[in-house]
file final-v6.cif (mmCIF, C-alpha atoms)
data_coords
#
loop_
_atom_site.label_atom_id
_atom_site.label_comp_id
_atom_site.auth_asym_id
_atom_site.auth_seq_id
_atom_site.Cartn_x
_atom_site.Cartn_y
_atom_site.Cartn_z
CA MET A 20 139.09 -68.92 141.32
CA LYS A 21 137.10 -65.72 141.72
CA PRO A 22 139.26 -62.59 141.71
CA ALA A 23 139.39 -60.61 144.94
CA CYS A 24 139.16 -57.38 142.98
CA GLU A 25 137.54 -57.13 139.56
CA ILE A 26 136.39 -54.30 137.30
CA ARG A 27 134.50 -54.94 134.06
CA TYR A 28 133.36 -52.58 131.32
CA SER A 29 129.60 -52.52 131.17
CA HIS A 30 128.05 -49.63 129.33
CA SER A 31 124.42 -48.96 130.19
CA ALA A 32 123.85 -47.52 126.72
CA SER A 33 124.51 -50.99 125.27
CA ILE A 34 120.94 -52.01 126.10
CA LEU A 35 119.46 -48.99 124.34
CA THR A 36 121.81 -49.40 121.38
CA SER A 37 120.93 -53.07 121.10
CA ILE A 38 117.21 -52.28 121.06
CA ILE A 39 117.71 -49.62 118.38
CA PHE A 40 119.74 -51.99 116.19
CA PHE A 41 117.14 -54.71 116.71
CA PHE A 42 114.36 -52.45 115.43
CA LEU A 43 116.55 -51.37 112.51
CA LEU A 44 117.10 -55.03 111.72
CA LEU A 45 113.36 -55.74 111.83
CA LEU A 46 112.67 -52.71 109.66
CA PHE A 47 115.29 -53.81 107.15
CA ILE A 48 113.97 -57.38 107.06
CA ASP A 49 110.46 -56.04 106.44
CA PHE A 50 111.84 -53.78 103.73
CA LYS A 51 114.08 -56.37 102.06
CA PHE A 52 112.30 -59.68 102.34
CA LEU A 53 108.64 -59.07 103.10
CA GLY A 54 107.83 -56.75 100.24
CA ALA A 55 108.41 -53.36 101.85
CA THR A 56 104.88 -52.99 103.15
CA ARG A 57 105.63 -49.65 104.78
CA PHE A 58 107.68 -48.13 101.95
CA SER A 59 106.89 -46.73 98.54
CA ALA A 60 107.46 -48.76 95.36
CA ASP A 61 110.46 -46.70 94.20
CA LEU A 62 112.41 -47.78 97.29
CA MET A 63 111.72 -51.41 96.45
CA ALA A 64 114.04 -51.21 93.44
CA TYR A 65 116.81 -49.98 95.72
CA SER A 66 116.41 -52.98 98.01
CA ASN A 67 118.05 -55.38 95.55
CA SER A 68 121.33 -53.48 95.39
CA PHE A 69 124.70 -54.38 96.87
CA ILE A 70 124.54 -51.38 99.22
CA SER A 71 121.43 -52.75 100.91
CA TRP A 72 123.30 -55.97 101.75
CA VAL A 73 126.19 -53.94 103.18
CA ILE A 74 123.74 -51.98 105.32
CA PHE A 75 122.17 -55.24 106.45
CA LEU A 76 125.56 -56.67 107.47
CA ILE A 77 126.46 -53.48 109.37
CA ILE A 78 123.18 -53.59 111.28
CA VAL A 79 123.56 -57.28 112.14
CA SER A 80 127.20 -56.96 113.23
CA SER A 81 126.44 -53.88 115.34
CA PHE A 82 123.55 -55.72 116.96
CA LEU A 83 125.76 -58.72 117.76
CA ILE A 84 128.56 -56.53 119.18
CA THR A 85 126.18 -54.70 121.51
CA ILE A 86 124.62 -58.00 122.62
CA LYS A 87 128.15 -59.31 123.36
CA ALA A 88 128.91 -56.20 125.44
CA MET A 89 125.69 -56.70 127.42
CA ILE A 90 126.12 -60.43 128.04
CA SER A 91 129.82 -60.55 128.85
CA PRO A 92 131.31 -57.18 129.73
CA SER A 93 135.00 -56.82 128.94
CA LEU A 94 137.53 -57.15 131.73
CA ILE A 95 139.34 -53.93 132.65
CA PHE A 96 141.22 -55.05 135.76
CA ALA A 97 141.28 -58.08 138.05
CA ALA A 98 143.55 -59.12 140.91
CA ASP A 99 143.81 -62.44 142.74
CA THR A 100 146.53 -64.49 144.42
CA LEU A 101 148.12 -65.37 141.07
CA GLY A 102 148.59 -61.79 139.92
CA ILE A 103 146.95 -58.97 138.02
CA LYS A 104 144.96 -59.25 134.80
CA ILE A 105 144.58 -56.15 132.67
CA GLY A 106 142.10 -56.08 129.81
CA LYS A 107 143.02 -54.12 126.72
CA GLY A 108 140.08 -53.05 124.60
CA VAL A 109 136.34 -53.07 124.95
CA PHE A 110 134.84 -55.16 122.15
CA ILE A 111 137.91 -57.28 121.40
CA ASN A 112 139.34 -57.78 124.86
CA ARG A 113 142.93 -58.98 125.02
CA ILE A 114 143.85 -59.87 128.59
CA GLN A 115 147.41 -59.50 129.83
CA SER A 116 148.24 -61.57 132.93
CA ILE A 117 151.00 -60.16 135.12
CA PRO A 118 152.40 -62.13 138.08
CA TRP A 119 152.82 -60.39 141.44
CA SER A 120 156.60 -60.76 141.15
CA SER A 121 156.53 -58.18 138.33
CA VAL A 122 154.63 -55.61 140.44
CA ASN A 123 156.96 -53.09 142.10
CA ILE A 124 154.74 -50.47 143.75
CA ILE A 125 151.01 -50.01 144.43
CA THR A 126 150.32 -46.43 145.41
CA GLU A 127 147.81 -43.60 145.20
CA GLY A 128 147.93 -41.26 142.22
CA GLU A 129 145.76 -39.05 140.07
CA ILE A 130 144.14 -39.55 136.68
CA ARG A 131 142.93 -36.85 134.30
CA VAL A 132 139.66 -37.58 132.51
CA ARG A 133 137.59 -35.57 130.07
CA SER A 134 133.92 -34.99 130.74
CA THR A 135 132.13 -34.39 127.46
CA SER A 136 128.77 -33.87 129.15
CA ARG A 137 129.95 -30.56 130.57
CA GLY A 138 131.64 -29.12 127.52
CA GLU A 139 135.03 -30.91 127.36
CA LYS A 140 135.94 -30.22 130.97
CA VAL A 141 139.08 -32.00 132.17
CA SER A 142 138.91 -33.18 135.76
CA THR A 143 141.42 -34.89 138.02
CA LEU A 144 140.29 -37.92 140.03
CA PRO A 145 142.09 -39.92 142.72
CA ALA A 146 143.42 -43.18 141.34
CA ILE A 147 145.40 -46.30 142.11
CA LYS A 148 148.76 -46.42 140.37
CA ILE A 149 150.46 -49.78 139.82
CA ILE A 150 154.10 -49.69 138.73
CA PHE A 151 155.63 -52.78 137.11
CA ASN A 152 159.24 -53.75 136.44
CA GLU A 153 160.85 -53.20 133.03
CA THR A 154 159.93 -56.65 131.70
CA ILE A 155 156.26 -55.64 131.42
CA ASP A 156 155.12 -53.64 128.39
CA LEU A 157 151.49 -52.57 128.73
CA GLY A 158 151.25 -50.79 125.39
CA ASP A 159 148.81 -47.91 125.20
CA ILE A 160 145.35 -49.43 124.97
CA GLY A 161 142.90 -48.84 127.81
CA THR A 162 139.72 -47.05 128.74
CA GLU A 163 139.38 -43.47 129.86
CA PHE A 164 139.22 -44.40 133.56
CA ALA A 165 141.78 -47.24 133.48
CA ARG A 166 144.81 -46.96 131.23
CA PRO A 167 148.59 -47.19 131.12
CA GLU A 168 150.40 -43.96 131.94
CA SER A 169 153.57 -45.36 130.42
CA LYS A 170 154.68 -48.79 129.26
CA HIS A 171 155.43 -49.86 132.84
CA ASN A 172 152.62 -48.43 134.95
CA PHE A 173 148.83 -48.62 135.00
CA ILE A 174 146.43 -46.15 136.58
CA ILE A 175 142.83 -46.85 137.58
CA ALA A 176 140.32 -44.22 138.72
CA SER A 177 139.06 -44.82 142.24
CA THR A 178 135.47 -44.36 141.05
CA LEU A 179 135.66 -47.80 139.41
CA PHE A 180 136.28 -49.56 142.73
CA ASP A 181 133.44 -50.46 145.09
CA SER A 182 135.55 -49.68 148.16
CA PRO A 183 137.41 -46.50 149.14
CA ILE A 184 140.84 -46.00 147.57
CA ASP A 185 142.75 -46.75 150.80
CA THR A 186 140.92 -50.05 151.24
CA ALA A 187 141.53 -51.03 147.61
CA ILE A 188 145.26 -50.24 147.88
CA ALA A 189 145.48 -52.23 151.13
CA GLU A 190 143.67 -55.17 149.52
CA LEU A 191 145.99 -55.17 146.50
CA SER A 192 149.06 -54.86 148.74
CA TYR A 193 147.83 -57.77 150.86
CA LEU A 194 147.37 -59.93 147.75
CA LYS A 195 150.90 -59.05 146.62
CA LYS A 196 152.39 -59.94 150.04
CA ALA A 197 150.40 -63.17 150.22
CA ALA A 198 151.60 -64.26 146.79
CA THR A 199 155.29 -63.48 147.27
#

call {"tool": "encode", "arguments": {"input": "final-v6.cif", "output": "structure tokens"}}
result
Amino acid sequence: MKPACEIRYSHSASILTSIIFFFLLLLFIDFKFLGATRFSADLMAYSNSFISWVIFLIIVSSFLITIKAMISPSLIFAADTLGIKIGKGVFINRIQSIPWSSVNIITEGEIRVRSTSRGEKVSTLPAIKIIFNETIDLGDIGTEFARPESKHNFIIASTLFDSPIDTAIAELSYLKKAAT
């Protein structure tokens, strides 16, 4: 069943990062296995060391992680008739499924986010606040624009939704009423 409301983490820099790691990998393979055609002979002695294998493994794992982020972006939030799914983490995404019976209130709130592009400016954005009953423990893992405020409530910046905040709240409230 396709969720009625879904937000996934998809970082546009993943493509650029993946390309950079790919070229680093090619450069390292040329350096390590093809005789270092572009490097001086004194670097060739360094290529047989343990550190070069560690560097190789770091490059390969970073490349695979960025490819994973491009191909299947991590779930941040999804809602359907069964309940709410909240993703915790970006690269290792643990999904917590919460039934609608555990959701108490869906309301409008505010979220404070830092903008590093403008010199660590903190701004306040409108957000959707979902409050759960005491049986739900969300922990503290989230992204900057979607995270738990406490162990029992979750806040999502309205900029992540395709629709206006009022429409998104109405849609979530309708799903809750339809399920209960």

call {"tool": "atom_distance", "arguments": {"input": "final-v6.cif", "atom1": "atom CA of Thr143 of chain A", "atom2": "atom CA of Pro118 of chain A"}}
result
29.4 Å

call {"tool": "residues_around", "arguments": {"input": "final-v6.cif", "residues": "Ile150 of chain A", "least_positions_apart": "6", "cutoff": "12 Å", "atoms": "all atoms listed in the file", "output": "list in words"}}
result
Ile103, Ile117, Trp119, Ser120, Ser121, Val122, Asn123, Ile124, Ile125, Thr126, Glu127, Gly128, Asp156, Leu157, Pro167, Glu168, Ser169, Lys170, His171, Asn172, Phe173, Ile174 and Ile175 of chain A

call {"tool": "atom_distance", "arguments": {"input": "final-v6.cif", "atom1": "atom CA of Ala176 of chain A", "atom2": "atom CA of Glu129 of chain A"}}
result
7.6 Å

call {"tool": "atom_distance", "arguments": {"input": "final-v6.cif", "atom1": "atom CA of Ala187 of chain A", "atom2": "atom CA of Lys140 of chain A"}}
result
27.2 Å

call {"tool": "closest_residue", "arguments": {"input": "final-v6.cif", "among": "A:Ile184, A:Ile130, A:Ile39, A:Ile105", "to": "Thr85 of chain A", "atoms": "all atoms listed in the file"}}
result
A:Ile39

call {"tool": "closest_residue", "arguments": {"input": "final-v6.cif", "among": "A:Ser192, A:Ser177, A:Ser116, A:Asn152", "to": "Gly102 of chain A", "atoms": "all atoms listed in the file"}}
result
A:Ser116

call {"tool": "resolve_selection", "arguments": {"input": "final-v6.cif", "expression": "the PyMOL selection byres ((chain A and resi 198) around 7)", "output": "list in words"}}
result
Thr100, Leu101, Trp119, Leu194, Lys195, Lys196, Ala197 and Thr199 of chain A
